[in-house]
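Enquirer: Structure below; questions to follow.
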Amino acid sequence: MERTHIAFFGRRNAGKSSLVNRFTSQELSIVSDVAGTTTDPVRKTMELLPLGPVVIIDTPGIDDEGTLGNQRIERSIRVLDETDIAILVVDGSIGLSEDDNKLIEVFKSRKIPYLVAVNKSDLSVPELPENAMSVSALNNEGIEELKERVAVIIKQRKTRPLVSDLVEEGDLVVLVVPIDKSAPKDRLILPQQMVIRDLLGKGAIPVVVRDTELAIALEKIGKVRMVITDSQAFASVSKIVPKEIPLTSFSILMARFKGILDQSIEGANMLDKLPDGAKILISEGCTHHRQCEDIGTVKLPGWIREYTGKEFRFDFTSGLEFPSELKSYDLIIHCGACMLGETEVASRYRKASEQGVPMTNYGIAIGKMKGILDRVIRFF
């Protein structure tokens with residue numbers, strides 16, 4: 001399930017960390033009277049009633065000073081790339097500062113829904129600005145109201161379907177989950193879990209098999225509405241699944257779900273135009289232990305060389321290590337981004353587009369290189 005990223009911003013000593021702790025009912029952030037106690041963004045993944053699954057982010061002060069302070073401010077601003085809802089914490093005894101007003105303008109320019117939490121309202125009650133409400137972290141006042149207003153924003157957010165709009169109740173859907181050295185032991189990865197949950201919610205019937213049992217499964221289970229596979233198995237699976245049965249991958253469904261399908265298809269077509277020696281960035285949204293047959297650092301570079309017959313320079317990033325400067329790259333290939341929120345994914349694709357760099361994702365790039373891209377996106 002997509003987790004809403006709720007980030008708290010504000011000047012030092014405005015009470016961000018205290019408010020975060022009240023908001024989460026946990027001692028998530030260190031609280032001190034010393035300005036600048038929060039030196040790095042602090043993230044907490046949790047279930048928060050009545051909001052559901054969220055990621056709470058406490059950021060350093062936007063008015064920090066010195067060389068180190070500027071780095072902290074930069075990290076706070078970088079959090080905006082993943083922020084679905086921003087909460088600007090203002091010291092009620094001081095009111096809105098120039099820094100606060102600048103940040104509000106950034107929220108508006110990026111179309112990030114935001115609230116202004118005027119903290120320390122026990123000291124004074126200033127005239128409240130737009131989208132503002134009065135709270136007191138010290139006295140635990142206004143916290144539930146703040147949660148309720150955030151909940152309203154979450155409900156208003158429009159989400160795209162993952163797969164449920166492509167099937168009907170009672171449809172059989174075969175999910176192909178290869179088991180290899182790079183697969184996590186004894187568990188399904190998040191996109192596979194999300195697809196299963198979405199299908200069950202629609203009343204469809206997911207059937208999970210390994211690629212080695214796919215042919216047997218198709219013979220035994222009767223009429224199949226569609227087949228969804230791990231992109232790495234495209235070559236073998238596409239030979240087994242009859243042409244009349246729609247075929248796609250978890251990665252492609254994630255691209256559609258995140259709203260970057262069209263841009264990814266355009267990016268994949270760049271594989272036919274890359275000059276020898278071009279520079280390619282392969283980026284993953286999560287961090288994990290690299291296996292000997294890792295898809296990002298081993299399989300994809302090999303498939304790209306095989307498909308193009310050319311040699312390229314490759315850079316690799318993972319987690320939050322996505323470069324802000326992209327102009328040196330001729331192509332970016334991103335993972336399915338299941339561990340990143342829609343805002344973060346959109347931000348990465350927007351940066352690439354603004355800098356004129358084509359960008360695609362694993363599943364679409366693999367479909368292109370295996371010669372079946374038209375088939376696996378035909379459904380959409």
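Every chain in the structure tokens takes a letter, A first, then B, and so on in the order presented; its residues are numbered from 1, and the ligands are numbered from 1 following the presented order.
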Near Arg22 of chain A, counting only C-alpha atoms, which residues have an atom at most 10 Å away, once you skip same-chain residues fewer than 2 positions from it, shown as a list in words?

Expert: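 My list of contacting residues is Lys16, Ser17, Ser18, Leu19, Val20, Thr24, Ser25, Gln26, Glu27, Leu28, Ser136, Ala137, Leu138, Asn139, Asn140, Glu141, Ile143 and Glu144 of chain A.
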
Enquirer: Restricted to C-alpha atoms, what would the selected residues look like written as an mmCIF file, in the first residue's frame?

Expert:
```cif
data_model
loop_
_atom_site.group_PDB
_atom_site.id
_atom_site.type_symbol
_atom_site.label_atom_id
_atom_site.label_comp_id
_atom_site.auth_asym_id
_atom_site.auth_seq_id
_atom_site.Cartn_x
_atom_site.Cartn_y
_atom_site.Cartn_z
ATOM 1 C CA LYS A 16 8.852 20.645 15.291
ATOM 2 C CA SER A 17 10.245 17.657 17.142
ATOM 3 C CA SER A 18 7.914 18.125 20.117
ATOM 4 C CA LEU A 19 4.946 18.348 17.778
ATOM 5 C CA VAL A 20 6.093 15.254 15.844
ATOM 6 C CA THR A 24 2.836 10.148 16.585
ATOM 7 C CA SER A 25 2.383 9.522 20.324
ATOM 8 C CA GLN A 26 5.990 8.338 20.316
ATOM 9 C CA GLU A 27 9.377 9.743 21.288
ATOM 10 C CA LEU A 28 10.358 9.762 17.647
ATOM 11 C CA SER A 136 0.385 23.429 21.628
ATOM 12 C CA ALA A 137 2.836 20.556 21.762
ATOM 13 C CA LEU A 138 3.520 21.400 25.406
ATOM 14 C CA ASN A 139 -0.108 21.081 26.501
ATOM 15 C CA ASN A 140 -1.128 18.523 23.847
ATOM 16 C CA GLU A 141 -3.749 20.892 22.447
ATOM 17 C CA ILE A 143 -3.128 17.629 18.018
ATOM 18 C CA GLU A 144 -6.220 15.555 17.233
#
```

Enquirer: Please identify the helix (DSSP H, G or I) residues within segment 276-344 of chain A (assignment by DSSP from backbone atoms) and present them as a PDB file with N, CA and C atoms, in the first residue's frame.

Expert:
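File produced: result06.pdb:
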```
ATOM      1  N   ILE A 295      20.048  -7.675 -10.545  1.00  0.00           N
ATOM      2  CA  ILE A 295      19.468  -7.180 -11.793  1.00  0.00           C
ATOM      3  C   ILE A 295      20.013  -5.821 -12.183  1.00  0.00           C
ATOM      4  N   GLY A 296      20.169  -4.925 -11.207  1.00  0.00           N
ATOM      5  CA  GLY A 296      20.586  -3.571 -11.540  1.00  0.00           C
ATOM      6  C   GLY A 296      22.023  -3.451 -11.992  1.00  0.00           C
ATOM      7  N   THR A 297      22.931  -4.108 -11.287  1.00  0.00           N
ATOM      8  CA  THR A 297      24.358  -3.937 -11.567  1.00  0.00           C
ATOM      9  C   THR A 297      24.937  -5.003 -12.486  1.00  0.00           C
ATOM     10  N   VAL A 298      24.222  -6.109 -12.677  1.00  0.00           N
ATOM     11  CA  VAL A 298      24.765  -7.202 -13.489  1.00  0.00           C
ATOM     12  C   VAL A 298      23.885  -7.520 -14.706  1.00  0.00           C
ATOM     13  N   LYS A 299      22.645  -7.887 -14.462  1.00  0.00           N
ATOM     14  CA  LYS A 299      21.795  -8.352 -15.554  1.00  0.00           C
ATOM     15  C   LYS A 299      21.465  -7.245 -16.557  1.00  0.00           C
ATOM     16  N   LEU A 300      21.007  -6.089 -16.066  1.00  0.00           N
ATOM     17  CA  LEU A 300      20.617  -5.014 -16.989  1.00  0.00           C
ATOM     18  C   LEU A 300      21.783  -4.549 -17.867  1.00  0.00           C
ATOM     19  N   PRO A 301      22.953  -4.256 -17.297  1.00  0.00           N
ATOM     20  CA  PRO A 301      24.067  -3.867 -18.174  1.00  0.00           C
ATOM     21  C   PRO A 301      24.376  -4.922 -19.228  1.00  0.00           C
ATOM     22  N   GLY A 302      24.283  -6.197 -18.837  1.00  0.00           N
ATOM     23  CA  GLY A 302      24.541  -7.266 -19.796  1.00  0.00           C
ATOM     24  C   GLY A 302      23.511  -7.312 -20.907  1.00  0.00           C
ATOM     25  N   TRP A 303      22.234  -7.180 -20.545  1.00  0.00           N
ATOM     26  CA  TRP A 303      21.168  -7.178 -21.556  1.00  0.00           C
ATOM     27  C   TRP A 303      21.288  -5.978 -22.491  1.00  0.00           C
ATOM     28  N   ILE A 304      21.662  -4.828 -21.930  1.00  0.00           N
ATOM     29  CA  ILE A 304      21.795  -3.615 -22.754  1.00  0.00           C
ATOM     30  C   ILE A 304      22.914  -3.784 -23.773  1.00  0.00           C
ATOM     31  N   ARG A 305      24.048  -4.310 -23.348  1.00  0.00           N
ATOM     32  CA  ARG A 305      25.164  -4.547 -24.277  1.00  0.00           C
ATOM     33  C   ARG A 305      24.768  -5.556 -25.354  1.00  0.00           C
ATOM     34  N   GLU A 306      24.075  -6.608 -24.932  1.00  0.00           N
ATOM     35  CA  GLU A 306      23.644  -7.643 -25.876  1.00  0.00           C
ATOM     36  C   GLU A 306      22.661  -7.079 -26.891  1.00  0.00           C
ATOM     37  N   TYR A 307      21.721  -6.252 -26.437  1.00  0.00           N
ATOM     38  CA  TYR A 307      20.695  -5.701 -27.317  1.00  0.00           C
ATOM     39  C   TYR A 307      21.266  -4.702 -28.308  1.00  0.00           C
ATOM     40  N   THR A 308      22.153  -3.845 -27.835  1.00  0.00           N
ATOM     41  CA  THR A 308      22.671  -2.768 -28.686  1.00  0.00           C
ATOM     42  C   THR A 308      23.941  -3.138 -29.433  1.00  0.00           C
ATOM     43  N   GLU A 342       4.629   8.133  -4.633  1.00  0.00           N
ATOM     44  CA  GLU A 342       4.362   8.712  -5.951  1.00  0.00           C
ATOM     45  C   GLU A 342       5.024  10.079  -6.120  1.00  0.00           C
ATOM     46  N   THR A 343       5.050  10.873  -5.055  1.00  0.00           N
ATOM     47  CA  THR A 343       5.657  12.203  -5.133  1.00  0.00           C
ATOM     48  C   THR A 343       7.149  12.106  -5.427  1.00  0.00           C
ATOM     49  N   GLU A 344       7.835  11.189  -4.750  1.00  0.00           N
ATOM     50  CA  GLU A 344       9.267  11.012  -4.968  1.00  0.00           C
ATOM     51  C   GLU A 344       9.551  10.542  -6.395  1.00  0.00           C
TER      52      GLU A 344
END
```

Enquirer: Show which residues sit within 10 Å of segment 71-84 of chain A, as an NGL selection string. Count only C-alpha atoms, and ignore same-chain residues fewer than 2 positions away.

Expert: :A and (3-10 or 36 or 38-41 or 55-69 or 86-87 or 103 or 106-107 or 110-114 or 153-154 or 157 or 320 or 324 or 340-348)

Enquirer: Neighbouring residues of Leu172 of chain A were defined as those with any atom within 12 Å, considering only C-alpha atoms; residues of the same chain fewer than 6 positions away were excluded. Please report them as a count of residues only.

Expert: 23

Enquirer: Kindly give the distance, in Å, that separates atom CA of Asn131 of chain A and atom CA of Val90 of chain A, rounded to a single decimal.

Expert: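 Atom-to-atom, atom CA of Asn131 of chain A to atom CA of Val90 of chain A, that is 12.3 Å.
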
Enquirer: Find, counting only C-alpha atoms, the residue in A:Leu331, A:Arg350, A:Ser97, A:Ile280 that gets nearest to Phe316 of chain A.

Expert: A:Ile280

Enquirer: Tell me, in Å to one decimal, how far atom CA of Asp315 of chain A is from atom CA of Ile333 of chain A.

Expert: 10.4 Å

Enquirer: Would you list, as a PyMOL selection string, the residues of segment 230-334 of chain A that end up in strand (DSSP E or B) under DSSP run on this structure's backbone?

Expert: chain A and resi 247-249+279-284+313-318+331-334

Enquirer: I need the residues from that last selection saved to file as an mmCIF file, in the first residue's frame (with N, CA and C atoms), if you can.

Expert:
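File selection.cif, as written:
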```
data_model
loop_
_atom_site.group_PDB
_atom_site.id
_atom_site.type_symbol
_atom_site.label_atom_id
_atom_site.label_comp_id
_atom_site.auth_asym_id
_atom_site.auth_seq_id
_atom_site.Cartn_x
_atom_site.Cartn_y
_atom_site.Cartn_z
ATOM 1 N N LEU A 247 -0.421 -10.052 -21.350
ATOM 2 C CA LEU A 247 0.767 -10.283 -20.529
ATOM 3 C C LEU A 247 1.394 -8.945 -20.166
ATOM 4 N N THR A 248 1.742 -8.775 -18.892
ATOM 5 C CA THR A 248 2.484 -7.584 -18.469
ATOM 6 C C THR A 248 3.338 -7.971 -17.273
ATOM 7 N N SER A 249 3.930 -6.971 -16.616
ATOM 8 C CA SER A 249 4.813 -7.268 -15.483
ATOM 9 C C SER A 249 4.459 -6.400 -14.289
ATOM 10 N N LYS A 279 26.549 7.268 -21.517
ATOM 11 C CA LYS A 279 26.560 7.119 -20.062
ATOM 12 C C LYS A 279 25.143 6.856 -19.561
ATOM 13 N N ILE A 280 24.981 5.766 -18.814
ATOM 14 C CA ILE A 280 23.665 5.332 -18.350
ATOM 15 C C ILE A 280 23.656 5.264 -16.826
ATOM 16 N N LEU A 281 22.624 5.845 -16.221
ATOM 17 C CA LEU A 281 22.418 5.747 -14.783
ATOM 18 C C LEU A 281 21.361 4.682 -14.502
ATOM 19 N N ILE A 282 21.720 3.696 -13.691
ATOM 20 C CA ILE A 282 20.757 2.684 -13.255
ATOM 21 C C ILE A 282 20.505 2.918 -11.773
ATOM 22 N N SER A 283 19.247 3.221 -11.443
ATOM 23 C CA SER A 283 18.917 3.655 -10.086
ATOM 24 C C SER A 283 17.828 2.791 -9.467
ATOM 25 N N GLU A 284 18.006 2.472 -8.192
ATOM 26 C CA GLU A 284 17.008 1.710 -7.453
ATOM 27 C C GLU A 284 16.502 2.535 -6.276
ATOM 28 N N ARG A 313 29.076 3.365 -20.427
ATOM 29 C CA ARG A 313 29.532 3.658 -19.068
ATOM 30 C C ARG A 313 28.310 3.657 -18.153
ATOM 31 N N PHE A 314 28.436 2.965 -17.022
ATOM 32 C CA PHE A 314 27.296 2.831 -16.119
ATOM 33 C C PHE A 314 27.601 3.434 -14.756
ATOM 34 N N ASP A 315 26.634 4.157 -14.205
ATOM 35 C CA ASP A 315 26.650 4.579 -12.810
ATOM 36 C C ASP A 315 25.468 3.923 -12.118
ATOM 37 N N PHE A 316 25.615 3.676 -10.807
ATOM 38 C CA PHE A 316 24.557 3.002 -10.055
ATOM 39 C C PHE A 316 24.265 3.772 -8.767
ATOM 40 N N THR A 317 22.975 3.961 -8.468
ATOM 41 C CA THR A 317 22.578 4.574 -7.204
ATOM 42 C C THR A 317 21.448 3.751 -6.592
ATOM 43 N N SER A 318 21.256 3.917 -5.291
ATOM 44 C CA SER A 318 20.163 3.212 -4.614
ATOM 45 C C SER A 318 19.629 4.069 -3.476
ATOM 46 N N LEU A 331 20.809 8.321 -20.601
ATOM 47 C CA LEU A 331 19.607 7.542 -20.299
ATOM 48 C C LEU A 331 19.620 7.180 -18.820
ATOM 49 N N ILE A 332 18.431 7.186 -18.212
ATOM 50 C CA ILE A 332 18.270 6.730 -16.831
ATOM 51 C C ILE A 332 17.293 5.563 -16.834
ATOM 52 N N ILE A 333 17.682 4.469 -16.185
ATOM 53 C CA ILE A 333 16.795 3.314 -16.037
ATOM 54 C C ILE A 333 16.553 3.112 -14.549
ATOM 55 N N HIS A 334 15.304 3.241 -14.139
ATOM 56 C CA HIS A 334 14.944 3.177 -12.718
ATOM 57 C C HIS A 334 14.226 1.860 -12.434
#
```

Enquirer: Using only C-alpha atoms, determine which residues lie at most 10 Å from segment 266-275 of chain A, disregarding the query and same-chain residues fewer than 6 positions distant; provide the list as a PyMOL selection string.

Expert: chain A and resi 304+307-308+310-312+330-333+357-369+373

Enquirer: Which residue gives the smallest distance to Tyr349 of chain A among A:Leu261, A:Ile377, A:Ser236, A:Gly371, with only C-alpha atoms counted?

Expert: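 Closest residue, counting only C-alpha atoms: A:Leu261.
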
Enquirer: Have a look at A:Gly285, A:Pro129, A:Gly52, A:Pro161 and name the one nearest to Leu253 of chain A; count only C-alpha atoms.

Expert: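 For Leu253 of chain A, the nearest of the candidates is A:Pro161.
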
Enquirer: Tell me which of A:Arg43, A:Arg210, A:Lys158, A:Lys351 sits closest to Gly259 of chain A, counting only C-alpha atoms.

Expert: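 Answer, going by the shortest atom-to-atom distance: A:Lys158.
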
Enquirer: If you measure from atom CA of Gly92 of chain A to atom CA of Gly142 of chain A, what distance in Å do you get, rounded to one decimal?

Expert: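 For atom CA of Gly92 of chain A relative to atom CA of Gly142 of chain A, the distance reads 13.3 Å.
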
Enquirer: Between A:Val135, A:Leu190, A:Ile260, A:Val241, single out the one closest to Met339 of chain A, counting only C-alpha atoms.

Expert: A:Leu190
